[in-house]
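This is coords19.cif (mmCIF, C-alpha atoms).
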```cif
data_upload
#
loop_
_atom_site.group_PDB
_atom_site.id
_atom_site.type_symbol
_atom_site.label_atom_id
_atom_site.label_comp_id
_atom_site.auth_asym_id
_atom_site.auth_seq_id
_atom_site.Cartn_x
_atom_site.Cartn_y
_atom_site.Cartn_z
ATOM 1 C CA MET G 1147 0.000 0.000 0.000
ATOM 2 C CA GLY G 1148 1.439 3.355 -1.022
ATOM 3 C CA ASP G 1149 1.462 6.576 0.955
ATOM 4 C CA ILE G 1150 0.795 8.804 -2.107
ATOM 5 C CA THR G 1151 -1.304 6.527 -4.300
ATOM 6 C CA LYS G 1152 -2.582 2.974 -4.039
ATOM 7 C CA ASN G 1153 0.735 1.517 -5.226
ATOM 8 C CA PHE G 1154 3.386 4.236 -4.854
ATOM 9 C CA ASN G 1155 5.219 5.808 -1.943
ATOM 10 C CA ARG G 1156 6.877 9.224 -1.832
ATOM 11 C CA ALA G 1157 10.218 7.451 -1.341
ATOM 12 C CA ASP G 1158 9.871 5.840 -4.795
ATOM 13 C CA PHE G 1159 10.347 9.243 -6.442
ATOM 14 C CA LEU G 1160 13.037 10.910 -4.315
ATOM 15 C CA CYS G 1161 16.645 11.645 -5.239
ATOM 16 C CA HIS G 1162 18.965 8.737 -4.435
ATOM 17 C CA CYS G 1163 21.953 10.775 -3.232
ATOM 18 C CA ALA G 1164 23.113 10.713 0.395
ATOM 19 C CA VAL G 1165 22.705 14.483 0.857
ATOM 20 C CA CYS G 1166 19.065 14.452 -0.201
ATOM 21 C CA HIS G 1167 18.321 11.448 2.014
ATOM 22 C CA GLU G 1168 19.414 13.518 5.016
ATOM 23 C CA ASN G 1169 17.037 16.357 4.070
ATOM 24 C CA PRO G 1170 13.457 15.737 5.250
ATOM 25 C CA ALA G 1171 12.150 18.502 2.952
ATOM 26 C CA ARG G 1172 13.771 17.098 -0.182
ATOM 27 C CA PRO G 1173 11.806 17.567 -3.383
ATOM 28 C CA SER G 1174 9.879 14.842 -5.133
ATOM 29 C CA THR G 1175 8.526 14.194 -8.592
ATOM 30 C CA LYS G 1176 5.461 16.330 -9.381
ATOM 31 C CA ILE G 1177 2.255 14.889 -7.972
ATOM 32 C CA GLU G 1178 0.508 14.892 -11.373
ATOM 33 C CA VAL G 1179 3.266 12.616 -12.713
ATOM 34 C CA ILE G 1180 2.804 10.242 -9.786
ATOM 35 C CA HIS G 1181 -0.972 10.116 -10.297
ATOM 36 C CA ALA G 1182 -0.499 9.535 -14.040
ATOM 37 C CA LEU G 1183 1.891 6.688 -13.228
ATOM 38 C CA GLN G 1184 -0.729 5.181 -10.902
ATOM 39 C CA ASP G 1185 -3.172 5.244 -13.822
ATOM 40 C CA VAL G 1186 -0.540 3.419 -15.910
ATOM 41 C CA ARG G 1187 -0.062 0.889 -13.091
ATOM 42 C CA ASP G 1188 -3.820 0.274 -12.916
ATOM 43 C CA LEU G 1189 -3.982 -0.380 -16.666
ATOM 44 C CA TYR G 1190 -0.749 -2.427 -16.744
ATOM 45 C CA GLY G 1191 -1.986 -4.604 -13.887
ATOM 46 C CA LYS G 1192 1.476 -5.482 -12.549
ATOM 47 C CA PRO G 1193 3.922 -3.842 -10.142
ATOM 48 C CA ILE G 1194 6.046 -1.041 -11.601
ATOM 49 C CA ILE G 1195 9.497 -0.357 -10.177
ATOM 50 C CA VAL G 1196 10.550 3.292 -10.305
ATOM 51 C CA THR G 1197 14.339 3.394 -10.650
ATOM 52 C CA ARG G 1198 14.589 7.179 -10.802
ATOM 53 C CA GLY G 1199 12.291 10.067 -9.986
ATOM 54 C CA VAL G 1200 13.603 13.515 -9.142
ATOM 55 C CA SER G 1201 17.365 14.194 -8.940
ATOM 56 C CA CYS G 1202 19.372 17.033 -7.474
ATOM 57 C CA VAL G 1203 21.951 18.681 -9.766
ATOM 58 C CA PRO G 1204 25.014 17.009 -8.165
ATOM 59 C CA TYR G 1205 23.467 13.522 -8.312
ATOM 60 C CA ASN G 1206 22.332 14.028 -11.897
ATOM 61 C CA ALA G 1207 25.888 15.026 -12.867
ATOM 62 C CA ALA G 1208 27.395 12.109 -10.928
ATOM 63 C CA ILE G 1209 25.332 9.551 -12.857
ATOM 64 C CA GLY G 1210 25.979 11.199 -16.222
ATOM 65 C CA GLY G 1211 22.562 12.803 -16.668
ATOM 66 C CA VAL G 1212 22.087 15.554 -19.239
ATOM 67 C CA SER G 1213 22.389 19.103 -17.897
ATOM 68 C CA ASP G 1214 18.712 19.928 -18.461
ATOM 69 C CA SER G 1215 17.323 16.532 -17.427
ATOM 70 C CA ARG G 1216 13.577 16.306 -16.867
ATOM 71 C CA HIS G 1217 14.469 14.521 -13.599
ATOM 72 C CA LEU G 1218 15.957 17.726 -12.148
ATOM 73 C CA GLU G 1219 14.063 19.563 -9.412
ATOM 74 C CA LYS G 1220 13.236 22.482 -11.740
ATOM 75 C CA HIS G 1221 11.195 20.118 -13.960
ATOM 76 C CA ALA G 1222 10.504 17.037 -11.781
ATOM 77 C CA ASP G 1223 8.244 15.577 -14.461
ATOM 78 C CA ALA G 1224 10.112 12.385 -15.361
ATOM 79 C CA VAL G 1225 10.360 8.809 -14.156
ATOM 80 C CA ASP G 1226 12.521 5.853 -15.120
ATOM 81 C CA LEU G 1227 10.833 2.466 -14.867
ATOM 82 C CA ALA G 1228 12.564 -0.907 -14.718
ATOM 83 C CA HIS G 1229 11.861 -3.684 -17.181
ATOM 84 C CA ASN G 1230 13.403 -7.148 -17.455
ATOM 85 C CA SER G 1231 12.547 -8.172 -21.003
ATOM 86 C CA GLY G 1232 11.408 -6.908 -24.370
ATOM 87 C CA GLU G 1233 7.950 -8.317 -23.696
ATOM 88 C CA GLU G 1234 7.713 -6.499 -20.363
ATOM 89 C CA ALA G 1235 8.944 -3.255 -21.965
ATOM 90 C CA PHE G 1236 6.364 -3.635 -24.747
ATOM 91 C CA GLU G 1237 3.517 -4.136 -22.259
ATOM 92 C CA LEU G 1238 4.583 -1.177 -20.130
ATOM 93 C CA VAL G 1239 5.081 1.119 -23.128
ATOM 94 C CA SER G 1240 1.663 0.027 -24.417
ATOM 95 C CA ALA G 1241 0.073 1.137 -21.140
ATOM 96 C CA LEU G 1242 2.000 4.440 -21.192
ATOM 97 C CA MET G 1243 0.964 5.128 -24.797
ATOM 98 C CA THR G 1244 -2.666 4.075 -24.286
ATOM 99 C CA LEU G 1245 -3.209 6.563 -21.475
ATOM 100 C CA GLY G 1246 -1.378 9.308 -23.362
ATOM 101 C CA LYS G 1247 -0.405 11.369 -20.322
ATOM 102 C CA PHE G 1248 3.351 11.049 -20.838
ATOM 103 C CA THR G 1249 4.631 13.035 -23.822
ATOM 104 C CA VAL G 1250 8.091 11.479 -24.149
ATOM 105 C CA ILE G 1251 8.802 7.759 -23.800
ATOM 106 C CA ARG G 1252 12.269 6.325 -24.402
ATOM 107 C CA VAL G 1253 13.045 2.630 -24.174
ATOM 108 C CA TYR G 1254 16.498 1.535 -23.000
ATOM 109 C CA PRO G 1255 17.885 -1.970 -22.421
ATOM 110 C CA LYS G 1256 16.972 -2.049 -18.698
ATOM 111 C CA HIS G 1257 14.572 0.854 -18.194
ATOM 112 C CA ILE G 1258 11.953 3.090 -19.768
ATOM 113 C CA HIS G 1259 12.160 6.866 -19.412
ATOM 114 C CA ALA G 1260 8.796 8.657 -19.427
ATOM 115 C CA ASP G 1261 8.184 12.352 -18.911
ATOM 116 C CA MET G 1262 5.381 14.894 -19.104
ATOM 117 C CA ARG G 1263 7.322 17.623 -20.908
ATOM 118 C CA PRO G 1264 4.981 20.561 -21.559
ATOM 119 C CA GLY G 1265 4.442 21.410 -25.203
ATOM 120 C CA ALA G 1266 6.139 18.259 -26.463
ATOM 121 C CA ARG G 1267 4.538 16.212 -29.183
ATOM 122 C CA ARG G 1268 4.130 12.644 -28.037
ATOM 123 C CA PHE G 1269 6.914 10.412 -29.214
ATOM 124 C CA LEU G 1270 8.529 7.070 -28.562
ATOM 125 C CA ALA G 1271 12.257 6.504 -29.033
ATOM 126 C CA SER G 1272 14.410 3.426 -28.681
ATOM 127 C CA PRO G 1273 17.932 2.389 -29.618
ATOM 128 C CA TRP G 1274 16.252 -0.487 -31.483
ATOM 129 C CA LEU G 1275 14.000 1.669 -33.703
#
```

Any chance you could put this one into C-alpha cells?
Amino acid sequence: MGDITKNFNRADFLCHCAVCHENPARPSTKIEVIHALQDVRDLYGKPIIVTRGVSCVPYNAAIGGVSDSRHLEKHADAVDLAHNSGEEAFELVSALMTLGKFTVIRVYPKHIHADMRPGARRFLASPWL
C-alpha cells in the first residue's frame, strides 16, 4: 500500500543521493506525474518499479545525466521504470501510450524513461527503432 497513491510511496520518487536522504524537505517528482503513473499501473496490472524520480543537480551530474534533465528539481516531471525483457517493456510502453499522459517515452535496455514535458509532441524513441 502506497502513501501517495494505491501503489506508490513518496520514497519511490526521491533523489537517491546521500545528501538528499538527510534532508526531510527534499523535493519529489510532481504529484501529477505520480498520479499519471498510478493510472498506468492500474492499466498495466502489474507492479512497476521506479528506478529514478527527481534528482538534485550534483546527483544528476554524478550519474551522467544531461544538464537539463527532466528529472531535475526544476522540472521534476520524469520517471525511469525498470523492465526485465522486451515483452515487459512492450507491455509497459503500451500502457503508457494508451493513457497518453506522458509526452516522451524512451526505451532503453533495462529501463523506460517517461516524462510529461509541456508542449512536447508525443513520441517514442528506442535504440532499437

Care to translate the PyMOL selection byres ((chain G and resi 1255) around 9) into actual residues of this file, as an mmCIF file with C-alpha atoms, in the coordinates of the input?
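Saved to out_1.cif:
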```cif
data_model
loop_
_atom_site.group_PDB
_atom_site.id
_atom_site.type_symbol
_atom_site.label_atom_id
_atom_site.label_comp_id
_atom_site.auth_asym_id
_atom_site.auth_seq_id
_atom_site.Cartn_x
_atom_site.Cartn_y
_atom_site.Cartn_z
ATOM 1 C CA HIS G 1229 11.861 -3.684 -17.181
ATOM 2 C CA ASN G 1230 13.403 -7.148 -17.455
ATOM 3 C CA SER G 1231 12.547 -8.172 -21.003
ATOM 4 C CA GLY G 1232 11.408 -6.908 -24.370
ATOM 5 C CA VAL G 1253 13.045 2.630 -24.174
ATOM 6 C CA TYR G 1254 16.498 1.535 -23.000
ATOM 7 C CA LYS G 1256 16.972 -2.049 -18.698
ATOM 8 C CA HIS G 1257 14.572 0.854 -18.194
ATOM 9 C CA ILE G 1258 11.953 3.090 -19.768
ATOM 10 C CA SER G 1272 14.410 3.426 -28.681
ATOM 11 C CA PRO G 1273 17.932 2.389 -29.618
#
```

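For the choices G:Val1225, G:Val1179, G:Met1147, G:Val1203, the atom-to-atom distance to Val1165 of chain G is smallest for G:Val1203 when using all atoms listed in the file.
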
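Using all atoms listed in the file, the nearest neighbour of Lys1192 of chain G within the list G:Arg1156, G:Ala1241, G:Pro1204, G:Ala1260 is G:Ala1241.
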
Please expand the PyMOL selection byres ((chain G and resi 1218) around 9) into the concrete residues it hits in this file, giving the result as an mmCIF file with C-alpha atoms, in the coordinates of the input.
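Below is the file part.cif, written as the result:
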```
data_model
loop_
_atom_site.group_PDB
_atom_site.id
_atom_site.type_symbol
_atom_site.label_atom_id
_atom_site.label_comp_id
_atom_site.auth_asym_id
_atom_site.auth_seq_id
_atom_site.Cartn_x
_atom_site.Cartn_y
_atom_site.Cartn_z
ATOM 1 C CA THR G 1175 8.526 14.194 -8.592
ATOM 2 C CA GLY G 1199 12.291 10.067 -9.986
ATOM 3 C CA VAL G 1200 13.603 13.515 -9.142
ATOM 4 C CA SER G 1201 17.365 14.194 -8.940
ATOM 5 C CA CYS G 1202 19.372 17.033 -7.474
ATOM 6 C CA VAL G 1203 21.951 18.681 -9.766
ATOM 7 C CA ASN G 1206 22.332 14.028 -11.897
ATOM 8 C CA SER G 1213 22.389 19.103 -17.897
ATOM 9 C CA ASP G 1214 18.712 19.928 -18.461
ATOM 10 C CA SER G 1215 17.323 16.532 -17.427
ATOM 11 C CA ARG G 1216 13.577 16.306 -16.867
ATOM 12 C CA HIS G 1217 14.469 14.521 -13.599
ATOM 13 C CA GLU G 1219 14.063 19.563 -9.412
ATOM 14 C CA LYS G 1220 13.236 22.482 -11.740
ATOM 15 C CA HIS G 1221 11.195 20.118 -13.960
ATOM 16 C CA ALA G 1222 10.504 17.037 -11.781
ATOM 17 C CA ASP G 1223 8.244 15.577 -14.461
ATOM 18 C CA ALA G 1224 10.112 12.385 -15.361
#
```

Taking (9.5, 0.9, -11.2) in the file's own coordinates, collect the residues within 12 Å, counting only C-alpha atoms, and hand them back as a ChimeraX atom specification. /G:1153-1155,1157-1159,1180,1183-1184,1186-1187,1192-1199,1225-1230,1234-1235,1238,1256-1260

With C-alpha atoms as the atom set, please write chain G from the structure just given, as a compact mmCIF listing (two decimals), in the first residue's frame.
```
# COMPACT_ATOMS: atom_id res chain seq x y z
CA MET G 1147 0.00 0.00 0.00
CA GLY G 1148 1.44 3.36 -1.02
CA ASP G 1149 1.46 6.58 0.96
CA ILE G 1150 0.79 8.80 -2.11
CA THR G 1151 -1.30 6.53 -4.30
CA LYS G 1152 -2.58 2.97 -4.04
CA ASN G 1153 0.74 1.52 -5.23
CA PHE G 1154 3.39 4.24 -4.85
CA ASN G 1155 5.22 5.81 -1.94
CA ARG G 1156 6.88 9.22 -1.83
CA ALA G 1157 10.22 7.45 -1.34
CA ASP G 1158 9.87 5.84 -4.80
CA PHE G 1159 10.35 9.24 -6.44
CA LEU G 1160 13.04 10.91 -4.31
CA CYS G 1161 16.65 11.64 -5.24
CA HIS G 1162 18.96 8.74 -4.44
CA CYS G 1163 21.95 10.78 -3.23
CA ALA G 1164 23.11 10.71 0.40
CA VAL G 1165 22.70 14.48 0.86
CA CYS G 1166 19.07 14.45 -0.20
CA HIS G 1167 18.32 11.45 2.01
CA GLU G 1168 19.41 13.52 5.02
CA ASN G 1169 17.04 16.36 4.07
CA PRO G 1170 13.46 15.74 5.25
CA ALA G 1171 12.15 18.50 2.95
CA ARG G 1172 13.77 17.10 -0.18
CA PRO G 1173 11.81 17.57 -3.38
CA SER G 1174 9.88 14.84 -5.13
CA THR G 1175 8.53 14.19 -8.59
CA LYS G 1176 5.46 16.33 -9.38
CA ILE G 1177 2.26 14.89 -7.97
CA GLU G 1178 0.51 14.89 -11.37
CA VAL G 1179 3.27 12.62 -12.71
CA ILE G 1180 2.80 10.24 -9.79
CA HIS G 1181 -0.97 10.12 -10.30
CA ALA G 1182 -0.50 9.53 -14.04
CA LEU G 1183 1.89 6.69 -13.23
CA GLN G 1184 -0.73 5.18 -10.90
CA ASP G 1185 -3.17 5.24 -13.82
CA VAL G 1186 -0.54 3.42 -15.91
CA ARG G 1187 -0.06 0.89 -13.09
CA ASP G 1188 -3.82 0.27 -12.92
CA LEU G 1189 -3.98 -0.38 -16.67
CA TYR G 1190 -0.75 -2.43 -16.74
CA GLY G 1191 -1.99 -4.60 -13.89
CA LYS G 1192 1.48 -5.48 -12.55
CA PRO G 1193 3.92 -3.84 -10.14
CA ILE G 1194 6.05 -1.04 -11.60
CA ILE G 1195 9.50 -0.36 -10.18
CA VAL G 1196 10.55 3.29 -10.31
CA THR G 1197 14.34 3.39 -10.65
CA ARG G 1198 14.59 7.18 -10.80
CA GLY G 1199 12.29 10.07 -9.99
CA VAL G 1200 13.60 13.52 -9.14
CA SER G 1201 17.36 14.19 -8.94
CA CYS G 1202 19.37 17.03 -7.47
CA VAL G 1203 21.95 18.68 -9.77
CA PRO G 1204 25.01 17.01 -8.16
CA TYR G 1205 23.47 13.52 -8.31
CA ASN G 1206 22.33 14.03 -11.90
CA ALA G 1207 25.89 15.03 -12.87
CA ALA G 1208 27.39 12.11 -10.93
CA ILE G 1209 25.33 9.55 -12.86
CA GLY G 1210 25.98 11.20 -16.22
CA GLY G 1211 22.56 12.80 -16.67
CA VAL G 1212 22.09 15.55 -19.24
CA SER G 1213 22.39 19.10 -17.90
CA ASP G 1214 18.71 19.93 -18.46
CA SER G 1215 17.32 16.53 -17.43
CA ARG G 1216 13.58 16.31 -16.87
CA HIS G 1217 14.47 14.52 -13.60
CA LEU G 1218 15.96 17.73 -12.15
CA GLU G 1219 14.06 19.56 -9.41
CA LYS G 1220 13.24 22.48 -11.74
CA HIS G 1221 11.20 20.12 -13.96
CA ALA G 1222 10.50 17.04 -11.78
CA ASP G 1223 8.24 15.58 -14.46
CA ALA G 1224 10.11 12.39 -15.36
CA VAL G 1225 10.36 8.81 -14.16
CA ASP G 1226 12.52 5.85 -15.12
CA LEU G 1227 10.83 2.47 -14.87
CA ALA G 1228 12.56 -0.91 -14.72
CA HIS G 1229 11.86 -3.68 -17.18
CA ASN G 1230 13.40 -7.15 -17.46
CA SER G 1231 12.55 -8.17 -21.00
CA GLY G 1232 11.41 -6.91 -24.37
CA GLU G 1233 7.95 -8.32 -23.70
CA GLU G 1234 7.71 -6.50 -20.36
CA ALA G 1235 8.94 -3.26 -21.97
CA PHE G 1236 6.36 -3.63 -24.75
CA GLU G 1237 3.52 -4.14 -22.26
CA LEU G 1238 4.58 -1.18 -20.13
CA VAL G 1239 5.08 1.12 -23.13
CA SER G 1240 1.66 0.03 -24.42
CA ALA G 1241 0.07 1.14 -21.14
CA LEU G 1242 2.00 4.44 -21.19
CA MET G 1243 0.96 5.13 -24.80
CA THR G 1244 -2.67 4.08 -24.29
CA LEU G 1245 -3.21 6.56 -21.48
CA GLY G 1246 -1.38 9.31 -23.36
CA LYS G 1247 -0.41 11.37 -20.32
CA PHE G 1248 3.35 11.05 -20.84
CA THR G 1249 4.63 13.03 -23.82
CA VAL G 1250 8.09 11.48 -24.15
CA ILE G 1251 8.80 7.76 -23.80
CA ARG G 1252 12.27 6.33 -24.40
CA VAL G 1253 13.04 2.63 -24.17
CA TYR G 1254 16.50 1.53 -23.00
CA PRO G 1255 17.89 -1.97 -22.42
CA LYS G 1256 16.97 -2.05 -18.70
CA HIS G 1257 14.57 0.85 -18.19
CA ILE G 1258 11.95 3.09 -19.77
CA HIS G 1259 12.16 6.87 -19.41
CA ALA G 1260 8.80 8.66 -19.43
CA ASP G 1261 8.18 12.35 -18.91
CA MET G 1262 5.38 14.89 -19.10
CA ARG G 1263 7.32 17.62 -20.91
CA PRO G 1264 4.98 20.56 -21.56
CA GLY G 1265 4.44 21.41 -25.20
CA ALA G 1266 6.14 18.26 -26.46
CA ARG G 1267 4.54 16.21 -29.18
CA ARG G 1268 4.13 12.64 -28.04
CA PHE G 1269 6.91 10.41 -29.21
CA LEU G 1270 8.53 7.07 -28.56
CA ALA G 1271 12.26 6.50 -29.03
CA SER G 1272 14.41 3.43 -28.68
CA PRO G 1273 17.93 2.39 -29.62
CA TRP G 1274 16.25 -0.49 -31.48
CA LEU G 1275 14.00 1.67 -33.70
```
